[in-house]
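Data from work.cif: mmCIF, C-alpha atoms
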data_entry
#
loop_
_atom_site.label_atom_id
_atom_site.label_comp_id
_atom_site.auth_asym_id
_atom_site.auth_seq_id
_atom_site.Cartn_x
_atom_site.Cartn_y
_atom_site.Cartn_z
CA MET A 1491 -25.24 0.13 6.18
CA PRO A 1492 -23.21 1.36 9.18
CA HIS A 1493 -22.34 4.96 10.01
CA VAL A 1494 -19.56 6.52 7.91
CA LEU A 1495 -17.21 6.35 10.92
CA GLN A 1496 -17.67 2.58 11.12
CA ILE A 1497 -17.27 2.21 7.35
CA VAL A 1498 -13.85 3.87 7.59
CA ARG A 1499 -12.89 2.02 10.77
CA ASP A 1500 -13.79 -1.37 9.26
CA ALA A 1501 -11.83 -0.59 6.08
CA THR A 1502 -8.86 0.47 8.20
CA VAL A 1503 -8.91 -2.76 10.18
CA THR A 1504 -9.01 -4.73 6.92
CA ALA A 1505 -6.12 -2.72 5.43
CA LEU A 1506 -3.96 -3.19 8.53
CA THR A 1507 -4.72 -6.84 9.24
CA GLY A 1508 -1.89 -9.11 8.20
CA LEU A 1509 1.03 -6.71 8.57
CA PRO A 1510 4.32 -8.57 9.19
CA THR A 1511 4.78 -7.45 12.80
CA THR A 1512 1.24 -7.15 14.18
CA GLY A 1513 -0.48 -9.84 12.06
CA THR A 1514 -4.13 -10.26 12.96
CA HIS A 1515 -3.86 -8.26 16.21
CA VAL A 1516 -5.92 -5.27 15.03
CA TYR A 1517 -8.66 -4.11 17.40
CA VAL A 1518 -11.30 -1.35 17.54
CA GLN A 1519 -11.20 -1.23 21.31
CA GLU A 1520 -8.51 -2.17 23.74
CA PRO A 1521 -8.87 -5.68 25.17
CA TYR A 1522 -8.77 -5.81 28.94
CA PRO A 1523 -6.74 -7.31 30.31
CA TRP A 1524 -4.22 -7.74 27.52
CA GLN A 1525 -3.09 -11.31 26.95
CA ALA A 1526 0.51 -12.01 25.91
CA ASP A 1527 -0.63 -13.60 22.63
CA GLN A 1528 -2.50 -10.38 21.63
CA LEU A 1529 0.68 -8.26 21.35
CA PRO A 1530 2.13 -6.52 19.45
CA ALA A 1531 -1.16 -4.95 18.42
CA LEU A 1532 -2.91 -2.02 16.76
CA ILE A 1533 -5.98 -0.17 18.09
CA VAL A 1534 -8.04 1.72 15.47
CA THR A 1535 -10.38 4.60 16.36
CA THR A 1536 -12.22 7.11 14.18
CA SER A 1537 -13.67 10.59 14.64
CA ALA A 1538 -14.81 13.46 12.43
CA ASP A 1539 -15.99 17.04 12.31
CA PRO A 1540 -18.42 16.99 9.37
CA VAL A 1541 -18.61 20.09 7.21
CA VAL A 1542 -21.77 21.38 5.55
CA GLU A 1543 -21.26 21.20 1.78
CA GLN A 1544 -24.78 22.16 0.64
CA LEU A 1545 -27.47 23.93 2.61
CA ASP A 1546 -30.27 22.36 0.60
CA VAL A 1547 -32.69 20.25 2.55
CA PRO A 1548 -31.55 17.70 3.49
CA VAL A 1549 -28.09 19.11 4.23
CA VAL A 1550 -25.13 17.43 2.50
CA LEU A 1551 -22.14 16.80 4.77
CA ARG A 1552 -18.51 16.22 3.86
CA TRP A 1553 -16.70 13.79 6.15
CA ASP A 1554 -12.92 13.95 6.38
CA VAL A 1555 -12.51 11.13 8.86
CA ALA A 1556 -9.70 11.25 11.42
CA VAL A 1557 -8.21 7.82 12.01
CA ASN A 1558 -5.98 7.16 14.99
CA VAL A 1559 -3.93 3.97 15.10
CA THR A 1560 -2.15 3.14 18.34
CA ALA A 1561 0.63 0.57 18.20
CA ILE A 1562 1.22 -1.33 21.43
CA VAL A 1563 4.25 -3.52 22.17
CA LYS A 1564 5.49 -5.29 25.28
CA GLY A 1565 8.83 -6.78 26.21
CA THR A 1566 12.34 -6.16 27.37
CA GLY A 1567 14.01 -5.63 23.98
CA ASP A 1568 14.34 -2.47 21.88
CA LEU A 1569 10.71 -1.36 22.00
CA MET A 1570 11.43 1.89 20.13
CA ALA A 1571 12.84 -0.01 17.14
CA LEU A 1572 9.81 -2.31 17.19
CA LEU A 1573 7.43 0.67 17.29
CA ASP A 1574 9.33 2.25 14.38
CA GLN A 1575 8.99 -0.97 12.36
CA ILE A 1576 5.26 -1.16 13.06
CA THR A 1577 4.86 2.52 12.17
CA THR A 1578 6.61 1.94 8.83
CA GLU A 1579 4.42 -1.06 8.03
CA LEU A 1580 1.13 0.58 8.96
CA GLN A 1581 1.90 3.85 7.17
CA ALA A 1582 2.87 2.07 3.95
CA ALA A 1583 -0.21 -0.16 4.00
CA TYR A 1584 -2.71 2.50 5.00
CA CYS A 1585 -1.50 5.24 2.66
CA ALA A 1586 -1.76 2.74 -0.22
CA LEU A 1587 -5.52 2.41 0.38
CA ALA A 1588 -7.28 3.91 -2.65
CA THR A 1589 -10.96 3.14 -2.06
CA ILE A 1590 -13.34 2.68 0.85
CA GLY A 1591 -16.96 1.70 0.38
CA GLY A 1592 -16.47 1.88 -3.38
CA ARG A 1593 -15.42 5.56 -3.17
CA SER A 1594 -11.99 6.93 -4.05
CA VAL A 1595 -10.19 8.29 -1.00
CA GLU A 1596 -6.97 10.01 -0.03
CA VAL A 1597 -5.21 8.81 3.12
CA VAL A 1598 -2.88 11.47 4.52
CA PRO A 1599 -0.64 11.06 7.59
CA LEU A 1600 -1.17 13.85 10.13
CA SER A 1601 0.93 13.11 13.20
CA PHE A 1602 3.29 10.61 14.74
CA GLU A 1603 3.24 10.90 18.52
CA PRO A 1604 6.27 10.13 20.68
CA ALA A 1605 6.30 6.72 22.31
CA ILE A 1606 4.93 6.41 25.83
CA VAL A 1607 6.43 3.66 27.97
CA SER A 1608 4.80 2.21 31.06
CA GLY A 1609 6.66 0.13 33.60
CA ASP A 1610 3.50 -1.32 35.11
CA GLY A 1611 3.25 -5.09 35.01
CA ASP A 1612 5.88 -7.73 34.46
CA GLN A 1613 7.46 -6.09 31.36
CA PRO A 1614 7.52 -2.59 29.90
CA VAL A 1615 4.68 -1.66 27.53
CA ALA A 1616 5.24 1.01 24.86
CA ARG A 1617 2.61 2.83 22.76
CA ARG A 1618 2.73 5.18 19.82
CA SER A 1619 -0.27 6.85 18.21
CA VAL A 1620 -0.26 7.68 14.52
CA SER A 1621 -3.03 9.87 13.07
CA PHE A 1622 -4.33 10.02 9.52
CA VAL A 1623 -7.14 11.80 7.73
CA VAL A 1624 -9.23 9.99 5.14
CA ARG A 1625 -10.74 12.39 2.60
CA SER A 1626 -13.60 12.67 1.57
CA PHE A 1627 -16.99 11.11 2.04
CA PHE A 1628 -20.37 12.73 1.53
CA THR A 1629 -23.69 11.89 3.18
CA LEU A 1630 -26.99 13.55 3.81
CA ALA A 1631 -27.24 14.80 7.38
CA THR A 1632 -30.34 12.67 7.73
CA SER A 1633 -28.58 9.52 6.41
CA PRO A 1634 -25.05 9.24 7.85
CA ASP A 1635 -25.02 5.57 6.91
CA THR A 1636 -25.42 6.12 3.15
CA LEU A 1637 -22.42 7.35 1.16
CA LEU A 1638 -23.17 9.69 -1.74
CA ASP A 1639 -21.34 9.64 -5.06
#
Can you give me the file's structure in the form of structure tokens?
Amino acid sequence: MPHVLQIVRDATVTALTGLPTTGTHVYVQEPYPWQADQLPALIVTTSADPVVEQLDVPVVLRWDVAVNVTAIVKGTGDLMALLDQITTELQAAYCALATIGGRSVEVVPLSFEPAIVSGDGDQPVARRSVSFVVRSFFTLATSPDTLLD
């Protein structure tokens, strides 16, 4: 089984694939160079600061996984409205997620960053990052790839 970060990342990709605006354009790393048919898109990354729950040997860790989703759009139209639409779709879909890896979870939005627009290239590209926390997973420190009940 993969590391807990990958378990959450894979579940996030599944939950966000098929949204009306971004469709199947959900990635775990940014393609380079971007192709026109890959946008609009979402990039999913995960991180965590595990917390010691039990000091027994082996140590039990609690993982509240931080998930960052970056929406990327390109064009000459109203990119802010498009980013807002994507943000609405991804928040609704992701916050509805109730289980990951067979465990009950809570998905809580943390931050919605302002859009960043780049004028590089043939058309403007806009990005917005949205952060969530997925609570809570437990593993042994010696087995970060095995979720505990």
Residues at most 12 Å from Ser1601 in chain A, counting all atoms listed in the file, excluding those fewer than 4 positions away in the same chain, as a list in words?
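Returned residues: Ala1556, Val1557, Asn1558, Val1559, Thr1560, Thr1577, Gln1581, Arg1618, Ser1619, Val1620, Ser1621, Phe1622 and Val1623 of chain A.
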Mind checking which residues fall within 9 Å of range 1585-1591 of chain A, counting only C-alpha atoms, ignoring those fewer than 3 positions away in the same chain, and posting them as a list in words?
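Close residues of range 1585-1591 of chain A: Ile1497, Val1498, Ala1501, Thr1502, Ala1505, Leu1580, Gln1581, Ala1582, Ser1594, Val1595, Glu1596, Val1597, Val1598, Pro1599, Phe1622 and Leu1637 of chain A.
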If we count only C-alpha atoms and set the cut-off at 12 Å, which residues sit around range 1518-1526 of chain A, ignoring sequence neighbours fewer than 3 positions away in its own chain? Please answer as a PyMOL selection string.
chain A and resi 1495-1496+1498-1504+1506-1507+1515+1529-1536+1557-1565+1611-1613+1615
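Restricting the calculation to all atoms listed in the file, the smallest distance between Pro1540 in chain A and any of A:Ala1583, A:Thr1629, A:Asp1635, A:Phe1602 is found for A:Thr1629.
Taking all atoms listed in the file into account, the protein, DNA and RNA residues within 9 Å of (-22.9, 5.5, -7.9) read Gly1592, Arg1593, Leu1638 and Asp1639 of chain A.
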Would you write out, as a CSV table (one decimal) with C-alpha atoms, in the coordinates of the input, every residue that the PyMOL selection byres ((chain A and resi 1491) around 7) captures in this file?
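The new file selection-v7.csv reads:
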chain,number,residue,atom,x,y,z
A,1492,PRO,CA,-23.2,1.4,9.2
A,1493,HIS,CA,-22.3,5.0,10.0
A,1635,ASP,CA,-25.0,5.6,6.9
A,1636,THR,CA,-25.4,6.1,3.2
Would you work out the distance separating CA of Pro1510 in chain A from CA of Ser1537 in chain A, expressed in Å to one decimal?
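The value is 26.8 Å.
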Could you tell me how far CA of Thr1511 in chain A lies from CA of Gly1567 in chain A, in Å and to one decimal?
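Spanning CA of Thr1511 in chain A to CA of Gly1567 in chain A is a straight-line distance of 14.6 Å.
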Determine the nearest neighbour of Gly1609 in chain A from the options A:Thr1566, A:Tyr1517, A:Gln1575, A:Leu1545, counting only C-alpha atoms.
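Closest to Gly1609 in chain A of all the choices is A:Thr1566.
Nearest to Leu1630 in chain A of all the residues A:Asp1574, A:Asp1527, A:Asp1546, A:Asp1539 is A:Asp1546, counting only C-alpha atoms.
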Please report the interatomic distance between CA of Ile1576 in chain A and CA of Ser1608 in chain A in Å with one decimal.
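Interatomic distance here is 18.3 Å.
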Considering only C-alpha atoms, state which residue in the set A:Leu1600, A:Ala1605, A:Val1494, A:Ala1631 is at the smallest distance from Ala1571 in chain A.
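Between A:Leu1600, A:Ala1605, A:Val1494, A:Ala1631, the residue approaching Ala1571 in chain A most closely is A:Ala1605.
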Measuring between only C-alpha atoms, which one of A:Ala1538, A:Leu1551, A:Leu1509, A:Ala1616 shows the shortest distance to Met1570 in chain A?
A:Ala1616
